[in-house]
>>> print(open('target_7.tsv').read())   # TSV, C-alpha atoms and all ligand atoms
chain	number	residue	atom	x	y	z
A	1333	MET	CA	-17.55	25.68	-14.20
A	1334	ASP	CA	-15.95	22.30	-14.57
A	1335	ILE	CA	-18.23	19.79	-12.95
A	1336	THR	CA	-16.08	16.70	-13.16
A	1337	CYS	CA	-14.13	15.29	-10.24
A	1338	THR	CA	-10.44	16.26	-10.49
A	1339	HIS	CA	-9.42	12.76	-9.45
A	1340	CYS	CA	-11.66	10.22	-11.17
A	1341	HIS	CA	-12.98	12.63	-13.84
A	1342	ASN	CA	-16.50	11.40	-13.41
A	1343	PRO	CA	-19.21	14.04	-13.57
A	1344	ASP	CA	-19.82	15.52	-10.16
A	1345	PRO	CA	-23.18	17.23	-9.77
A	1346	THR	CA	-22.04	19.00	-6.60
A	1347	GLY	CA	-19.34	20.89	-8.52
A	1348	SER	CA	-16.70	20.05	-5.91
A	1349	THR	CA	-13.09	19.35	-6.85
A	1350	LEU	CA	-13.45	15.84	-5.45
A	1351	CYS	CA	-16.59	13.78	-5.88
A	1352	VAL	CA	-18.23	12.01	-2.96
A	1353	PRO	CA	-16.84	8.50	-3.71
A	1354	CYS	CA	-13.31	9.89	-4.09
A	1355	THR	CA	-13.67	11.87	-0.86
A	1356	THR	CA	-14.88	8.76	0.96
A	1357	THR	CA	-11.95	6.74	-0.39
A	1358	LEU	CA	-9.41	9.43	0.45
A	1359	THR	CA	-10.75	9.81	3.98
A	1360	ALA	CA	-10.66	6.06	4.62
A	1361	GLN	CA	-7.16	5.77	3.21
A	1362	LEU	CA	-5.87	8.61	5.38
A	1363	GLN	CA	-7.43	7.04	8.46
A	1364	GLN	CA	-5.70	3.73	7.72
A	1365	LEU	CA	-2.24	5.20	7.17
A	1366	PRO	CA	-1.03	5.36	10.79
A	1367	ARG	CA	-1.97	1.71	11.38
A	1368	MET	CA	-0.21	0.71	8.18
A	1369	PHE	CA	2.84	2.72	9.13
A	1370	ALA	CA	2.93	0.99	12.51
A	1371	GLY	CA	2.47	-2.36	10.78
A	1372	LEU	CA	5.47	-1.68	8.57
A	1373	GLY	CA	7.51	-0.81	11.66
A	1374	MET	CA	6.58	-4.11	13.27
A	1375	LEU	CA	7.67	-6.00	10.19
A	1376	LEU	CA	10.99	-4.18	10.31
A	1377	ALA	CA	11.62	-4.77	14.00
A	1378	PRO	CA	14.24	-7.43	14.66
A	1379	SER	CA	12.53	-10.69	15.48
A	1380	MET	CA	12.83	-11.73	19.09
A	1381	ALA	CA	11.06	-14.99	18.45
A	1382	THR	CA	14.18	-17.08	17.94
A	1383	GLY	CA	16.62	-16.34	20.70
A	1384	GLN	CA	18.99	-19.28	20.39
A	1385	GLY	CA	22.58	-18.38	19.79
A	1386	ARG	CA	21.84	-14.72	19.37
A	1387	GLY	CA	22.13	-13.56	22.94
A	1388	GLY	CA	25.79	-12.62	22.76
A	1389	LYS	CA	27.00	-9.07	22.47
A	1390	GLY	CA	28.74	-7.76	19.42
A	1391	GLY	CA	26.78	-9.67	16.81
A	1392	PRO	CA	25.71	-7.81	13.73
A	1393	ALA	CA	22.43	-5.93	14.16
A	1394	PRO	CA	19.58	-7.58	12.28
A	1395	LEU	CA	18.80	-5.66	9.13
A	1396	PRO	CA	15.49	-5.33	7.35
A	1397	ILE	CA	15.27	-8.20	4.93
A	1398	ASP	CA	12.96	-6.50	2.54
A	1399	ASP	CA	14.15	-3.13	1.22
A	1400	ARG	CA	10.69	-2.48	-0.11
A	1401	MET	CA	9.32	-2.08	3.42
A	1402	PHE	CA	11.98	0.39	4.38
A	1403	ASP	CA	11.17	2.57	1.40
A	1404	HIS	CA	7.50	2.52	2.21
A	1405	ARG	CA	8.00	4.18	5.58
A	1406	GLN	CA	9.93	7.01	3.94
A	1407	GLU	CA	7.11	7.48	1.47
A	1408	PHE	CA	4.79	8.49	4.31
A	1409	ASP	CA	6.59	11.86	4.39
A	1410	VAL	CA	4.28	12.86	1.57
A	1411	VAL	CA	1.45	13.15	4.11
A	1412	TYR	CA	3.25	15.93	6.03
A	1413	ALA	CA	4.10	17.62	2.74
A	1414	TRP	CA	0.43	17.70	1.79
A	1415	LEU	CA	-0.62	19.15	5.13
A	1416	SER	CA	2.01	21.87	4.67
A	1417	ALA	CA	0.66	22.55	1.18
A	1418	VAL	CA	-2.85	22.94	2.58
A	1419	HIS	CA	-1.59	25.31	5.28
A	1420	ASP	CA	0.20	27.34	2.61
A	1421	ALA	CA	-2.87	27.49	0.41
A	1422	ARG	CA	-4.99	28.65	3.33
A	1423	ARG	CA	-2.33	31.12	4.48
A	1424	LEU	CA	-1.98	29.41	7.82
A	1425	GLN	CA	1.18	28.96	9.82
A	1426	GLY	CA	3.10	25.82	8.93
A	1427	PRO	CA	1.80	22.75	10.77
A	1428	ARG	CA	3.60	21.93	14.00
A	1429	LEU	CA	4.92	18.42	13.72
A	1430	ALA	CA	6.62	17.04	16.79
A	1431	GLY	CA	7.29	13.66	18.31
A	1432	ASP	CA	8.32	10.42	16.66
A	1433	ALA	CA	7.47	9.48	13.09
A	1434	LEU	CA	4.19	7.80	13.99
A	1435	THR	CA	3.05	10.74	16.13
A	1436	ARG	CA	3.90	13.14	13.31
A	1437	LEU	CA	1.97	10.99	10.87
A	1438	HIS	CA	-1.06	11.02	13.21
A	1439	THR	CA	-0.81	14.80	13.38
A	1440	ALA	CA	-0.57	15.11	9.60
A	1441	VAL	CA	-3.53	12.77	9.02
A	1442	THR	CA	-5.67	14.53	11.64
A	1443	GLY	CA	-4.78	17.87	10.09
A	1444	LEU	CA	-5.71	16.79	6.58
A	1445	LEU	CA	-8.99	15.28	7.79
A	1446	ALA	CA	-9.83	18.52	9.57
A	1447	HIS	CA	-9.27	20.47	6.34
A	1448	MET	CA	-11.11	17.90	4.21
A	1449	PRO	CA	-14.35	19.88	3.71
A	1450	TRP	CA	-12.32	22.79	2.33
A	1451	ILE	CA	-9.99	20.54	0.33
A	1452	VAL	CA	-12.74	18.70	-1.53
A	1453	ALA	CA	-14.95	21.73	-2.09
A	1454	THR	CA	-12.62	24.07	-3.94
A	1455	TRP	CA	-8.95	23.28	-3.65
A	1456	PRO	CA	-7.37	22.58	-7.07
A	1457	GLY	CA	-4.75	20.38	-5.34
A	1458	ALA	CA	-7.41	17.90	-4.19
A	1459	GLY	CA	-7.04	15.59	-7.21
A	1460	ASP	CA	-3.27	15.31	-6.79
A	1461	LEU	CA	-3.65	14.81	-3.06
A	1462	ALA	CA	-6.11	11.96	-3.66
A	1463	HIS	CA	-3.77	10.48	-6.24
A	1464	GLU	CA	-0.67	10.54	-4.06
A	1465	ILE	CA	-2.38	9.31	-0.93
A	1466	GLY	CA	-3.97	6.55	-3.03
A	1467	GLU	CA	-0.56	5.54	-4.39
A	1468	LEU	CA	0.96	5.53	-0.92
A	1469	HIS	CA	-1.91	3.51	0.47
A	1470	ARG	CA	-1.77	1.06	-2.40
A	1471	SER	CA	1.95	0.45	-2.21
A	1472	ALA	CA	1.86	0.10	1.58
A	1473	SER	CA	-1.07	-2.31	1.39
A	1474	THR	CA	0.99	-4.65	-0.77
A	1475	VAL	CA	3.03	-5.25	2.39
A	1476	VAL	CA	0.60	-4.75	5.29
A	1477	ASP	CA	-3.13	-5.29	5.43
A	1478	PRO	CA	-4.71	-1.83	5.85
A	1479	ASP	CA	-7.56	-3.23	7.87
A	1480	PRO	CA	-7.07	-6.13	10.26
A	1481	ARG	CA	-10.81	-6.74	10.69
A	1482	PRO	CA	-12.18	-9.77	8.88
A	1483	ARG	CA	-13.14	-8.71	5.41
A	1484	GLY	CA	-14.73	-11.79	4.03
A	1485	ARG	CA	-13.53	-13.60	1.00
A	1486	ARG	CA	-10.63	-12.43	-1.08
A	1487	ILE	CA	-11.39	-12.68	-4.77
A	1488	GLY	CA	-8.16	-11.59	-6.36
A	1489	HIS	CA	-7.08	-8.29	-7.82
A	1490	CYS	CA	-9.38	-5.68	-9.29
A	1491	GLN	CA	-9.04	-5.54	-13.07
A	1492	SER	CA	-10.65	-2.20	-13.77
A	1493	ILE	CA	-8.62	0.02	-16.08
A	1494	ASP	CA	-8.29	3.74	-15.50
A	1495	THR	CA	-8.11	6.48	-18.12
A	1496	SER	CA	-4.34	6.05	-18.46
A	1497	GLY	CA	-4.74	2.33	-19.22
A	1498	THR	CA	-3.44	1.19	-15.82
A	1499	ILE	CA	-5.05	-1.85	-14.22
A	1500	CYS	CA	-6.32	-1.06	-10.71
A	1501	GLY	CA	-4.80	-4.15	-9.07
A	1502	ALA	CA	-6.21	-3.56	-5.58
A	1503	VAL	CA	-7.25	-6.66	-3.65
A	1504	LEU	CA	-11.00	-7.28	-3.94
A	1505	TRP	CA	-12.97	-8.52	-0.96
A	1506	LEU	CA	-16.43	-9.92	-0.81
A	1507	ALA	CA	-17.64	-8.60	2.52
A	1508	PRO	CA	-19.58	-11.01	4.75
A	1509	GLY	CA	-23.22	-11.03	3.67
A	1510	GLU	CA	-22.53	-9.10	0.45
A	1511	GLN	CA	-23.32	-10.28	-3.07
A	1512	VAL	CA	-21.18	-7.77	-4.91
A	1513	ALA	CA	-17.43	-7.37	-4.49
A	1514	ARG	CA	-16.53	-3.72	-4.43
A	1515	CYS	CA	-13.07	-2.32	-4.98
A	1516	ASP	CA	-12.00	-0.08	-2.09
A	1517	TRP	CA	-9.54	1.64	-4.35
A	1518	CYS	CA	-11.40	2.49	-7.58
A	1519	SER	CA	-14.94	1.75	-6.28
A	1520	MET	CA	-15.64	-0.59	-9.19
A	1521	ALA	CA	-18.42	-3.06	-8.36
A	1522	TRP	CA	-17.99	-6.69	-9.40
A	1523	PRO	CA	-21.28	-8.62	-9.20
A	1524	PRO	CA	-21.12	-12.44	-9.37
A	1525	ALA	CA	-21.99	-12.41	-13.09
A	1526	THR	CA	-18.63	-10.76	-13.80
A	1527	TRP	CA	-16.50	-13.13	-11.72
A	1528	MET	CA	-15.72	-15.56	-14.54
A	1529	GLN	CA	-14.44	-12.73	-16.69
A	1530	LEU	CA	-12.65	-11.23	-13.72
A	1531	ARG	CA	-10.87	-14.51	-13.08
A	1532	ALA	CA	-9.90	-14.77	-16.76
A	1533	TRP	CA	-8.42	-11.26	-16.72
A	1534	GLN	CA	-6.61	-11.97	-13.47
A	1535	THR	CA	-5.01	-15.08	-14.96
A	1536	GLU	CA	-4.17	-13.23	-18.17
A	1537	ASN	CA	-2.59	-10.27	-16.38
A	1538	ALA	CA	-0.75	-12.41	-13.87
A	1539	ALA	CA	0.84	-14.27	-16.80
A	1540	ALA	CA	1.72	-11.04	-18.63
A	1601	ZN	ZN	-13.96	11.31	-8.07
A	1602	ZN	ZN	-10.23	-1.35	-8.40
>>> encode(input="target_7.tsv", output="structure tokens")
Amino acid sequence: MDITCTHCHNPDPTGSTLCVPCTTTLTAQLQQLPRMFAGLGMLLAPSMATGQGRGGKGGPAPLPIDDRMFDHRQEFDVVYAWLSAVHDARRLQGPRLAGDALTRLHTAVTGLLAHMPWIVATWPGAGDLAHEIGELHRSASTVVDPDPRPRGRRIGHCQSIDTSGTICGAVLWLAPGEQVARCDWCSMAWPPATWMQLRAWQTENAAA
């Protein structure tokens, strides 16, 4: 039996399809999605802050300024698709998704979390699920902060390189009271001794 995680390919002594760190990351990312989705919606909403000269009828409707944000909300459809895939794999009826987009997203996230023990234990799709949710979370977090709680000091972008040669690029935070910055995305730890090198790589890659 293959005892490496299907997502990060690190050895996994439990023999699950997803290792514990990847499961923790996936769970946290799923839980943050509805808030991020709502955050994107708020960014898209027409600003009511400046009312002067805009009260008249018949003016053009304000349009989203940033196309990137609009695309991100569409990308959340992948969450429903994954819940449907899980239902298929478990020979369950298709998930019932009703209500507005945010409600449906909540339903899809809750559904996936409920199936998580089964997903990570044996499902061959777990690695792809983790990958796609990670991508969605990462692209959305370039626009909205996934977690509005104070997260300490921002120390730039994670420079760890995955097996395909891609730089992680997630924002690194040094949590209050912590000595080691840990990447929420790839779980790489960056102790203070590595910060000079980290900074050098960040500068190098930002210039590239
Ligand atoms: Zn893993
Ligand atoms: Zn990272």
>>> closest_atom_pairs(input="target_7.tsv", of="chain A", to="ligand ZN 1601 (chain A)", cutoff="7 Å", atoms="all atoms listed in the file", output="Markdown table")
| residue | atom | partner | partner_atom | distance |
| --- | --- | --- | --- | --- |
| A:Cys1337 | CA | A:ZN1601 | ZN | 4.5 |
| A:Thr1338 | CA | A:ZN1601 | ZN | 6.5 |
| A:His1339 | CA | A:ZN1601 | ZN | 5.0 |
| A:Cys1340 | CA | A:ZN1601 | ZN | 4.0 |
| A:His1341 | CA | A:ZN1601 | ZN | 6.0 |
| A:Asn1342 | CA | A:ZN1601 | ZN | 5.9 |
| A:Leu1350 | CA | A:ZN1601 | ZN | 5.3 |
| A:Cys1351 | CA | A:ZN1601 | ZN | 4.2 |
| A:Val1352 | CA | A:ZN1601 | ZN | 6.7 |
| A:Pro1353 | CA | A:ZN1601 | ZN | 5.9 |
| A:Cys1354 | CA | A:ZN1601 | ZN | 4.3 |
>>> atom_distance(input="target_7.tsv", atom1="atom CA of Leu1445 of chain A", atom2="atom CA of Ala1462 of chain A")
12.3 Å
>>> closest_residue(input="target_7.tsv", among="A:Ala1532, A:Pro1524, A:Ala1538, A:Gly1488", to="ligand ZN 1602 (chain A)", atoms="all atoms listed in the file")
A:Gly1488
>>> residues_near_ligand(input="target_7.tsv", ligand="ligand ZN 1602 (chain A)", cutoff="7 Å", atoms="all atoms listed in the file", output="PyMOL selection string")
chain A and resi 1490-1492+1500-1502+1515-1520
>>> closest_residue(input="target_7.tsv", among="A:Val1476, A:Ala1370, A:Val1410, A:Met1448", to="Thr1435 of chain A", atoms="all atoms listed in the file")
A:Ala1370
>>> residues_near_point(input="target_7.tsv", point="(4.5, 11.4, 11.5)", cutoff="10 Å", atoms="all atoms listed in the file", output="PyMOL selection string")
chain A and resi 1366+1369+1405+1408-1409+1411-1412+1429-1441
>>> atom_distance(input="target_7.tsv", atom1="atom CA of His1463 of chain A", atom2="atom CA of Ile1493 of chain A")
15.2 Å
>>> closest_residue(input="target_7.tsv", among="A:Val1452, A:Ile1335, A:Ala1360, A:Leu1506", to="Ala1521 of chain A", atoms="only C-alpha atoms")
A:Leu1506
>>> atom_distance(input="target_7.tsv", atom1="atom CA of Arg1428 of chain A", atom2="atom CA of Asp1460 of chain A")
22.9 Å
>>> closest_residue(input="target_7.tsv", among="A:Thr1454, A:Thr1349, A:Asn1537, A:Thr1474", to="Thr1336 of chain A", atoms="only C-alpha atoms")
A:Thr1349
>>> closest_residue(input="target_7.tsv", among="A:Thr1498, A:Gly1443, A:Leu1424, A:Leu1372", to="Ser1471 of chain A", atoms="only C-alpha atoms")
A:Leu1372
>>> decode(input="target_7.tsv", residues="segment 1336-1352 of chain A", atoms="N, CA and C atoms", output="compact mmCIF listing (two decimals), in the first residue's frame")
# COMPACT_ATOMS: atom_id res chain seq x y z
N THR A 1336 2.24 7.32 1.00
CA THR A 1336 2.53 8.76 0.93
C THR A 1336 1.22 9.50 0.70
N CYS A 1337 1.18 10.72 1.21
CA CYS A 1337 0.01 11.58 1.06
C CYS A 1337 -0.19 11.88 -0.43
N THR A 1338 -1.44 11.80 -0.92
CA THR A 1338 -1.69 12.03 -2.34
C THR A 1338 -1.60 13.50 -2.71
N HIS A 1339 -1.50 14.37 -1.72
CA HIS A 1339 -1.41 15.80 -2.03
C HIS A 1339 0.03 16.31 -1.91
N CYS A 1340 0.65 16.13 -0.77
CA CYS A 1340 2.00 16.69 -0.58
C CYS A 1340 3.09 15.66 -0.83
N HIS A 1341 2.69 14.40 -0.98
CA HIS A 1341 3.61 13.29 -1.29
C HIS A 1341 4.65 13.05 -0.19
N ASN A 1342 4.37 13.54 0.97
CA ASN A 1342 5.22 13.19 2.11
C ASN A 1342 4.75 11.84 2.65
N PRO A 1343 5.68 11.10 3.23
CA PRO A 1343 5.27 9.81 3.82
C PRO A 1343 4.19 10.03 4.87
N ASP A 1344 3.21 9.17 4.85
CA ASP A 1344 2.13 9.30 5.81
C ASP A 1344 1.96 7.98 6.55
N PRO A 1345 2.43 7.92 7.78
CA PRO A 1345 2.41 6.66 8.52
C PRO A 1345 1.00 6.12 8.75
N THR A 1346 -0.02 6.96 8.65
CA THR A 1346 -1.37 6.46 8.89
C THR A 1346 -1.94 5.76 7.66
N GLY A 1347 -1.26 5.89 6.50
CA GLY A 1347 -1.74 5.23 5.30
C GLY A 1347 -3.00 5.84 4.71
N SER A 1348 -3.34 7.05 5.12
CA SER A 1348 -4.53 7.72 4.58
C SER A 1348 -4.18 8.34 3.23
N THR A 1349 -5.21 8.74 2.47
CA THR A 1349 -4.91 9.40 1.20
C THR A 1349 -4.44 10.83 1.42
N LEU A 1350 -4.86 11.44 2.50
CA LEU A 1350 -4.35 12.77 2.85
C LEU A 1350 -3.71 12.70 4.23
N CYS A 1351 -2.52 13.30 4.35
CA CYS A 1351 -1.85 13.29 5.64
C CYS A 1351 -2.52 14.29 6.59
N VAL A 1352 -2.11 14.25 7.83
CA VAL A 1352 -2.76 15.10 8.83
C VAL A 1352 -2.56 16.59 8.54
